[in-house]
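The next block is work25.txt, given as compact mmCIF, C-alpha atoms.
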```
# COMPACT_ATOMS: atom_id res chain seq x y z
CA MET A 1 56.47 23.23 -7.12
CA THR A 2 53.86 24.35 -4.59
CA ALA A 3 50.86 25.27 -6.74
CA SER A 4 48.48 22.45 -7.64
CA LEU A 5 48.70 21.22 -11.22
CA GLN A 6 45.86 19.56 -13.10
CA GLY A 7 46.89 16.19 -14.50
CA SER A 8 47.09 12.54 -13.60
CA LEU A 9 48.84 9.22 -14.18
CA MET A 10 47.84 6.19 -16.22
CA VAL A 11 49.64 3.02 -15.16
CA ASP A 12 49.58 -0.69 -16.01
CA ILE A 13 49.83 -4.07 -14.30
CA ALA A 14 51.98 -7.12 -15.00
CA GLY A 15 49.47 -9.97 -14.91
CA LYS A 16 45.90 -11.02 -15.61
CA TRP A 17 44.72 -10.32 -12.05
CA LEU A 18 45.45 -7.60 -9.53
CA THR A 19 48.17 -8.14 -6.94
CA ALA A 20 48.27 -6.47 -3.54
CA GLU A 21 50.90 -4.10 -4.93
CA ASP A 22 48.62 -3.23 -7.86
CA ARG A 23 45.73 -2.51 -5.52
CA HIS A 24 47.89 -0.20 -3.43
CA LEU A 25 49.01 1.69 -6.54
CA LEU A 26 45.47 2.07 -7.88
CA ARG A 27 44.29 3.56 -4.59
CA GLN A 28 46.64 6.53 -4.96
CA PRO A 29 44.59 9.62 -5.90
CA GLU A 30 47.17 10.73 -8.47
CA VAL A 31 46.44 7.55 -10.47
CA ALA A 32 43.45 8.20 -12.72
CA GLY A 33 43.72 5.47 -15.33
CA LEU A 34 45.01 2.03 -16.23
CA ILE A 35 45.96 0.62 -19.62
CA ILE A 36 45.91 -3.10 -20.35
CA PHE A 37 48.21 -4.99 -22.70
CA ALA A 38 48.17 -8.42 -24.34
CA ARG A 39 49.85 -9.93 -21.27
CA ASN A 40 46.81 -8.96 -19.18
CA ILE A 41 44.29 -10.68 -21.47
CA ASP A 42 43.10 -14.27 -21.60
CA SER A 43 39.48 -14.09 -22.74
CA PRO A 44 36.57 -11.62 -22.87
CA ARG A 45 35.20 -13.02 -19.62
CA GLN A 46 38.54 -12.67 -17.83
CA VAL A 47 38.89 -9.05 -19.03
CA ARG A 48 35.40 -8.26 -17.74
CA GLU A 49 36.29 -9.74 -14.36
CA LEU A 50 39.58 -7.85 -14.25
CA CYS A 51 37.82 -4.58 -15.05
CA ALA A 52 35.20 -5.29 -12.38
CA SER A 53 37.93 -5.87 -9.79
CA ILE A 54 39.52 -2.55 -10.72
CA ARG A 55 36.18 -0.72 -10.56
CA ALA A 56 35.61 -2.18 -7.09
CA ILE A 57 38.67 -0.22 -5.94
CA ARG A 58 38.28 2.97 -7.99
CA PRO A 59 35.04 3.14 -10.04
CA GLU A 60 36.10 6.39 -11.69
CA LEU A 61 39.37 5.14 -13.22
CA ILE A 62 39.68 5.37 -17.00
CA LEU A 63 40.41 1.89 -18.36
CA ALA A 64 42.13 1.90 -21.74
CA VAL A 65 43.67 -0.36 -24.37
CA ASP A 66 45.38 -0.03 -27.74
CA GLN A 67 42.89 -1.68 -30.10
CA GLU A 68 43.66 0.01 -33.41
CA GLY A 69 43.42 -3.04 -35.65
CA GLY A 70 46.11 -4.70 -37.73
CA ARG A 71 49.32 -5.29 -35.85
CA VAL A 72 48.26 -3.13 -32.89
CA GLN A 73 45.45 -5.12 -31.33
CA ARG A 74 45.76 -6.23 -27.72
CA LEU A 75 42.35 -7.93 -27.44
CA ARG A 76 42.63 -11.00 -29.67
CA GLN A 77 41.43 -14.31 -28.21
CA GLY A 78 37.63 -14.23 -28.40
CA PHE A 79 37.56 -10.89 -30.25
CA VAL A 80 37.27 -10.02 -33.94
CA ARG A 81 40.70 -9.69 -35.55
CA LEU A 82 40.42 -6.17 -36.96
CA PRO A 83 42.07 -5.06 -40.20
CA ALA A 84 44.83 -2.50 -40.47
CA MET A 85 43.46 0.93 -41.36
CA ARG A 86 45.36 0.96 -44.65
CA ALA A 87 43.52 -2.21 -45.70
CA ILE A 88 40.22 -0.38 -45.19
CA ALA A 89 41.42 2.56 -47.28
CA ASP A 90 42.13 0.27 -50.23
CA ASN A 91 38.39 -0.47 -50.68
CA ASP A 92 35.94 1.40 -52.92
CA ASN A 93 33.47 1.85 -50.05
CA ALA A 94 36.20 2.65 -47.54
CA GLU A 95 34.28 5.36 -45.69
CA TYR A 96 31.38 3.02 -44.92
CA LEU A 97 33.77 0.24 -43.89
CA ALA A 98 35.76 2.60 -41.65
CA GLU A 99 32.60 3.59 -39.80
CA GLN A 100 31.53 -0.03 -39.37
CA CYS A 101 35.00 -1.00 -38.14
CA GLY A 102 35.04 1.87 -35.64
CA TRP A 103 31.66 0.81 -34.29
CA LEU A 104 32.59 -2.86 -34.06
CA MET A 105 35.90 -2.15 -32.34
CA ALA A 106 34.32 0.18 -29.80
CA THR A 107 31.46 -2.21 -29.10
CA GLU A 108 33.79 -5.10 -28.27
CA VAL A 109 36.02 -2.92 -26.08
CA LEU A 110 33.11 -1.38 -24.16
CA ALA A 111 31.42 -4.76 -23.71
CA VAL A 112 34.27 -6.07 -21.55
CA GLY A 113 34.23 -3.04 -19.26
CA LEU A 114 36.93 -0.87 -20.79
CA ASP A 115 36.30 2.80 -21.55
CA LEU A 116 38.65 3.66 -24.33
CA SER A 117 40.82 2.47 -27.18
CA PHE A 118 43.58 4.88 -28.13
CA ALA A 119 42.34 5.25 -31.70
CA PRO A 120 42.31 6.26 -34.47
CA VAL A 121 45.82 6.82 -35.80
CA LEU A 122 45.80 10.17 -37.63
CA ASP A 123 49.41 9.95 -38.81
CA LEU A 124 49.94 10.10 -42.56
CA ASP A 125 51.69 7.23 -44.31
CA HIS A 126 54.56 8.94 -46.13
CA GLN A 127 56.19 5.55 -46.84
CA ARG A 128 59.00 6.54 -44.47
CA SER A 129 58.01 5.38 -40.99
CA ALA A 130 57.92 1.64 -40.36
CA VAL A 131 56.30 2.15 -36.96
CA VAL A 132 53.36 3.94 -38.64
CA GLY A 133 53.01 2.18 -42.00
CA SER A 134 49.70 0.35 -42.36
CA ARG A 135 48.43 1.76 -39.06
CA ALA A 136 47.67 4.95 -41.02
CA PHE A 137 44.68 5.25 -43.33
CA GLU A 138 46.46 7.13 -46.08
CA GLY A 139 49.27 9.42 -47.13
CA ASN A 140 46.82 11.95 -48.55
CA PRO A 141 45.66 14.27 -45.74
CA GLU A 142 42.18 14.85 -47.16
CA ARG A 143 41.53 11.15 -47.63
CA ALA A 144 42.98 10.29 -44.21
CA THR A 145 40.73 12.90 -42.61
CA GLN A 146 37.65 11.55 -44.37
CA LEU A 147 38.26 7.95 -43.32
CA ALA A 148 39.34 8.77 -39.77
CA GLY A 149 36.21 10.89 -39.40
CA ALA A 150 34.08 7.92 -40.42
CA PHE A 151 35.90 5.65 -37.96
CA ILE A 152 35.27 8.19 -35.20
CA ARG A 153 31.56 8.35 -36.08
CA GLY A 154 31.39 4.60 -35.60
CA MET A 155 33.20 4.78 -32.27
CA ASN A 156 30.93 7.56 -31.05
CA ALA A 157 27.79 5.68 -32.15
CA ALA A 158 28.89 2.75 -29.98
CA GLY A 159 29.46 5.06 -27.00
CA MET A 160 33.23 5.54 -27.10
CA ALA A 161 35.19 8.78 -27.21
CA ALA A 162 37.98 9.02 -29.81
CA CYS A 163 41.68 9.76 -29.26
CA GLY A 164 43.65 10.91 -32.31
CA LYS A 165 47.35 10.13 -32.39
CA HIS A 166 50.24 11.00 -32.73
CA PHE A 167 50.01 14.82 -32.85
CA PRO A 168 51.29 16.61 -34.93
CA GLY A 169 52.17 13.54 -37.03
CA HIS A 170 54.68 10.69 -36.73
CA GLY A 171 54.59 9.57 -40.35
CA TRP A 172 57.60 11.51 -41.68
CA ALA A 173 60.16 10.70 -38.98
CA GLU A 174 61.87 7.42 -39.80
CA ALA A 175 63.02 6.45 -36.29
CA ASP A 176 60.70 4.51 -33.98
CA SER A 177 60.03 6.51 -30.79
CA HIS A 178 59.71 3.25 -28.83
CA VAL A 179 63.47 2.74 -29.18
CA ALA A 180 64.89 6.07 -30.39
CA ILE A 181 64.29 9.83 -30.45
CA PRO A 182 62.80 10.64 -33.88
CA VAL A 183 63.35 14.02 -35.53
CA ASP A 184 61.17 15.64 -38.22
CA GLU A 185 63.04 18.48 -39.89
CA ARG A 186 60.06 19.97 -41.74
CA SER A 187 58.82 23.50 -41.17
CA LEU A 188 55.56 24.36 -39.44
CA GLU A 189 54.20 25.48 -42.82
CA GLN A 190 54.93 22.05 -44.31
CA LEU A 191 53.29 20.34 -41.36
CA ARG A 192 50.22 22.57 -41.61
CA ALA A 193 49.82 21.60 -45.27
CA ALA A 194 49.96 17.87 -44.58
CA ASP A 195 50.21 16.07 -41.22
CA LEU A 196 48.31 18.64 -39.17
CA VAL A 197 45.29 18.53 -41.49
CA PRO A 198 43.53 15.53 -39.88
CA PHE A 199 44.07 16.89 -36.38
CA SER A 200 42.84 20.35 -37.34
CA ARG A 201 39.81 19.20 -39.33
CA LEU A 202 38.76 16.62 -36.75
CA SER A 203 39.51 18.63 -33.61
CA GLY A 204 35.80 19.04 -32.90
CA GLN A 205 35.19 15.27 -33.13
CA LEU A 206 38.17 14.22 -31.04
CA ALA A 207 37.65 13.87 -27.30
CA ALA A 208 41.38 13.33 -26.84
CA VAL A 209 44.74 13.68 -28.57
CA MET A 210 48.01 11.86 -27.94
CA PRO A 211 51.17 13.76 -28.96
CA ALA A 212 54.20 12.13 -30.55
CA HIS A 213 57.58 11.63 -28.92
CA VAL A 214 59.06 13.34 -31.98
CA ILE A 215 61.19 16.49 -32.09
CA TYR A 216 60.30 19.09 -34.74
CA PRO A 217 63.35 21.38 -34.39
CA GLN A 218 61.99 24.09 -36.70
CA VAL A 219 59.09 24.51 -34.26
CA ASP A 220 60.52 23.58 -30.83
CA ASN A 221 63.54 21.71 -29.50
CA GLN A 222 61.41 19.51 -27.22
CA PRO A 223 59.40 16.46 -28.34
CA ALA A 224 55.79 17.45 -29.02
CA GLY A 225 54.53 15.78 -25.84
CA PHE A 226 56.76 18.01 -23.71
CA SER A 227 56.28 21.19 -25.74
CA ARG A 228 54.07 24.08 -24.63
CA ARG A 229 54.50 25.47 -28.14
CA TRP A 230 52.81 22.41 -29.63
CA LEU A 231 50.28 21.65 -26.91
CA GLN A 232 49.31 25.10 -25.64
CA ASP A 233 49.99 27.49 -28.51
CA ILE A 234 49.11 25.33 -31.50
CA LEU A 235 46.79 22.50 -30.36
CA ARG A 236 44.78 24.42 -27.77
CA GLY A 237 45.37 27.99 -28.94
CA GLU A 238 45.32 27.93 -32.73
CA MET A 239 43.24 24.77 -33.24
CA GLY A 240 40.87 25.40 -30.32
CA PHE A 241 41.13 21.85 -29.01
CA ASP A 242 39.48 21.49 -25.60
CA GLY A 243 39.69 17.72 -25.10
CA VAL A 244 42.04 15.54 -23.08
CA ILE A 245 45.74 15.39 -23.93
CA PHE A 246 47.25 12.00 -23.09
CA SER A 247 51.01 11.66 -23.20
CA ASP A 248 52.36 8.70 -25.12
CA ASP A 249 54.11 6.16 -22.91
CA LEU A 250 56.72 8.07 -20.90
CA SER A 251 58.83 4.91 -20.64
CA MET A 252 59.52 4.97 -24.39
CA ALA A 253 63.01 5.91 -25.56
CA GLY A 254 61.63 8.97 -27.32
CA ALA A 255 60.70 10.42 -23.92
CA HIS A 256 64.10 9.93 -22.31
CA VAL A 257 65.41 13.19 -23.72
CA VAL A 258 63.96 15.06 -20.72
CA GLY A 259 65.45 12.83 -18.02
CA ASP A 260 64.16 10.21 -15.58
CA ALA A 261 60.53 9.23 -15.02
CA ALA A 262 60.00 12.02 -12.48
CA SER A 263 61.32 14.62 -14.91
CA ARG A 264 59.22 13.18 -17.73
CA ILE A 265 55.91 13.32 -15.86
CA GLU A 266 56.63 16.84 -14.63
CA ALA A 267 57.59 17.96 -18.14
CA ALA A 268 54.52 16.35 -19.73
CA LEU A 269 52.02 17.78 -17.25
CA SER A 270 53.69 21.19 -17.22
CA ALA A 271 53.57 21.32 -21.02
CA GLY A 272 49.83 20.70 -20.97
CA CYS A 273 49.15 16.95 -20.85
CA ASP A 274 46.11 16.01 -18.78
CA MET A 275 47.33 12.48 -18.18
CA GLY A 276 50.78 10.92 -18.38
CA LEU A 277 51.15 7.25 -19.28
CA VAL A 278 53.92 5.27 -17.58
CA CYS A 279 53.88 1.69 -18.84
CA ASN A 280 55.93 -1.50 -18.71
CA ASP A 281 58.15 -0.23 -15.89
CA ARG A 282 56.73 -0.31 -12.37
CA ALA A 283 59.80 1.37 -10.88
CA ALA A 284 59.32 4.28 -13.30
CA ALA A 285 55.62 4.42 -12.42
CA GLU A 286 56.46 4.64 -8.72
CA LEU A 287 58.97 7.40 -9.43
CA ALA A 288 56.42 9.30 -11.52
CA LEU A 289 53.83 8.86 -8.76
CA SER A 290 56.19 10.33 -6.18
CA ALA A 291 56.82 13.28 -8.49
CA ALA A 292 53.09 13.81 -9.03
CA GLN A 293 52.57 13.77 -5.27
CA ARG A 294 55.28 16.39 -4.79
CA MET A 295 53.73 18.48 -7.56
CA LYS A 296 50.34 18.26 -5.83
CA VAL A 297 48.74 17.01 -9.02
CA LYS A 298 44.95 17.13 -9.14
CA PRO A 299 43.01 15.12 -11.74
CA SER A 300 41.99 17.23 -14.72
CA PRO A 301 38.19 17.64 -14.99
CA ARG A 302 38.50 16.83 -18.70
CA ILE A 303 39.42 13.21 -17.93
CA ALA A 304 35.87 12.26 -16.91
CA ARG A 305 34.78 12.83 -20.53
CA MET A 306 36.66 9.70 -21.56
CA ARG A 307 34.42 7.30 -19.65
CA GLY A 308 32.64 4.92 -21.99
CA GLN A 309 28.90 5.27 -22.30
CA GLY A 310 27.23 2.61 -20.14
CA PHE A 311 27.21 -0.56 -22.23
CA ALA A 312 24.95 -3.25 -20.79
CA CYS A 313 24.11 -5.33 -23.88
CA THR A 314 25.79 -8.69 -23.29
CA ASP A 315 24.23 -10.26 -26.39
CA TYR A 316 25.47 -7.55 -28.75
CA ARG A 317 26.53 -10.15 -31.32
CA GLN A 318 22.85 -10.82 -32.02
CA GLN A 319 22.03 -7.15 -32.63
CA PRO A 320 21.32 -5.94 -36.20
CA ARG A 321 24.10 -3.32 -36.10
CA TRP A 322 26.67 -5.97 -35.15
CA LEU A 323 25.52 -8.28 -37.93
CA GLU A 324 25.66 -5.42 -40.43
CA ALA A 325 29.14 -4.30 -39.38
CA LEU A 326 30.65 -7.77 -39.26
CA GLY A 327 28.95 -8.75 -42.51
CA ALA A 328 30.28 -5.69 -44.33
CA LEU A 329 33.84 -6.29 -43.14
CA LYS A 330 33.62 -9.98 -44.07
CA GLU A 331 32.24 -9.19 -47.52
CA ALA A 332 35.20 -6.86 -48.09
CA GLN A 333 37.50 -9.69 -46.91
CA LEU A 334 38.83 -7.51 -44.11
CA VAL A 335 37.97 -9.98 -41.33
CA ASP A 336 37.55 -13.75 -41.22
```
So, in terms of structure tokens, how does the structure I just supplied come out?
Amino acid sequence: MTASLQGSLMVDIAGKWLTAEDRHLLRQPEVAGLIIFARNIDSPRQVRELCASIRAIRPELILAVDQEGGRVQRLRQGFVRLPAMRAIADNDNAEYLAEQCGWLMATEVLAVGLDLSFAPVLDLDHQRSAVVGSRAFEGNPERATQLAGAFIRGMNAAGMAACGKHFPGHGWAEADSHVAIPVDERSLEQLRAADLVPFSRLSGQLAAVMPAHVIYPQVDNQPAGFSRRWLQDILRGEMGFDGVIFSDDLSMAGAHVVGDAASRIEAALSAGCDMGLVCNDRAAAELALSAAQRMKVKPSPRIARMRGQGFACTDYRQQPRWLEALGALKEAQLVD
């Protein structure tokens, strides 16, 4: 491939501090982001120092984490233990609580120097997918849209852009794309009536979308994250989405259908992803980097939109909004 392609890589590191090898990787222009995991985290102070060391190398990198709440929460020690989204939905004042939770989550993440949490989950809970389950707000698309919209309002008020996942919906496929290649046999019409509703209704509020490593054979024979039909024709064309498209982790089993790490990054970026994530496998990240260099990948201008709004308030836990949000979640017995 000789023509330049817009897109970039998001990588990870193994430890709590940068190694010489990490620093070399982060200096590569094709790398535009880094995601941290529980293994990289010791305390809020340590995360701030880690982020500062990364910014000293590449100030423009997007620094991300999965901080959904419930069982998917990487920042734990020294942070509020957030509820699962389904627990919020079970309350009478769920919309208010969702907004407060979104604000609180985003505030804590931004305060340690990160830009972005890959949230909220827009999948519907059809009582079929164990990997989705309580991560979803609801099985009802209207209700899920309402609550996710409130969560996004909270995130935005704190200064964080929102990333809806996993387009066009992972809730029906029973297999876990971390370890298998899930298949959803429903028609596009069935998906439009249910799982696509939150993505469509919230497309104007979402700064980013993450597609699922799920195959929808009645629509395309490629997983959504490698499908121009899903990403270009439907998400961008029909739904008018103009935000960032992040691939899900290209090291997951659900991505292996297209080949090795080099093939996966090429397929993801060619299908329309703005950034490809390659996590938990440094050899795969190096292979993807080499492929991106051969492809002459240039960072997508959309990626800059994901930077967190400058957050300088170190005593945020004394602010009225923090006390209101934490108090509301405690009163609802959603946090300790």
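Note that the spacing between CA of Ile303 in chain A and CA of Phe246 in chain A amounts to 9.5 Å.
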Do a neighbour search on Asp249 in chain A at 8 Å with only C-alpha atoms, toss out local chain neighbours closer than 6 positions, and write the hits as a CSV table (one decimal) with C-alpha atoms, in the coordinates of the input.
```
chain,number,residue,atom,x,y,z
A,255,ALA,CA,60.7,10.4,-23.9
A,276,GLY,CA,50.8,10.9,-18.4
A,277,LEU,CA,51.2,7.2,-19.3
A,278,VAL,CA,53.9,5.3,-17.6
A,279,CYS,CA,53.9,1.7,-18.8
```
**Request:** Write out as a ChimeraX atom specification each polymer residue whose atoms come within 6 Å of range 31-46 of chain A, counting only C-alpha atoms; drop sequence neighbours fewer than 6 positions from it.
**Result:** /A:8-12,15-16,61-65,74,77-78
**Message:** When you look at Val214 in chain A with a cut-off of 6 Å (counting all atoms listed in the file), what residues show up, excluding the ones that are within fewer than 3 positions of it in the same chain? I need them as a list in words.
**Reply:** Pro182, Val183 and Pro223 of chain A
**Residues near range 129-131 of chain A, cut-off 8 Å, only C-alpha atoms, skip fewer than 5 positions along chain, as a VMD selection string** = chain A and resid 170 to 176
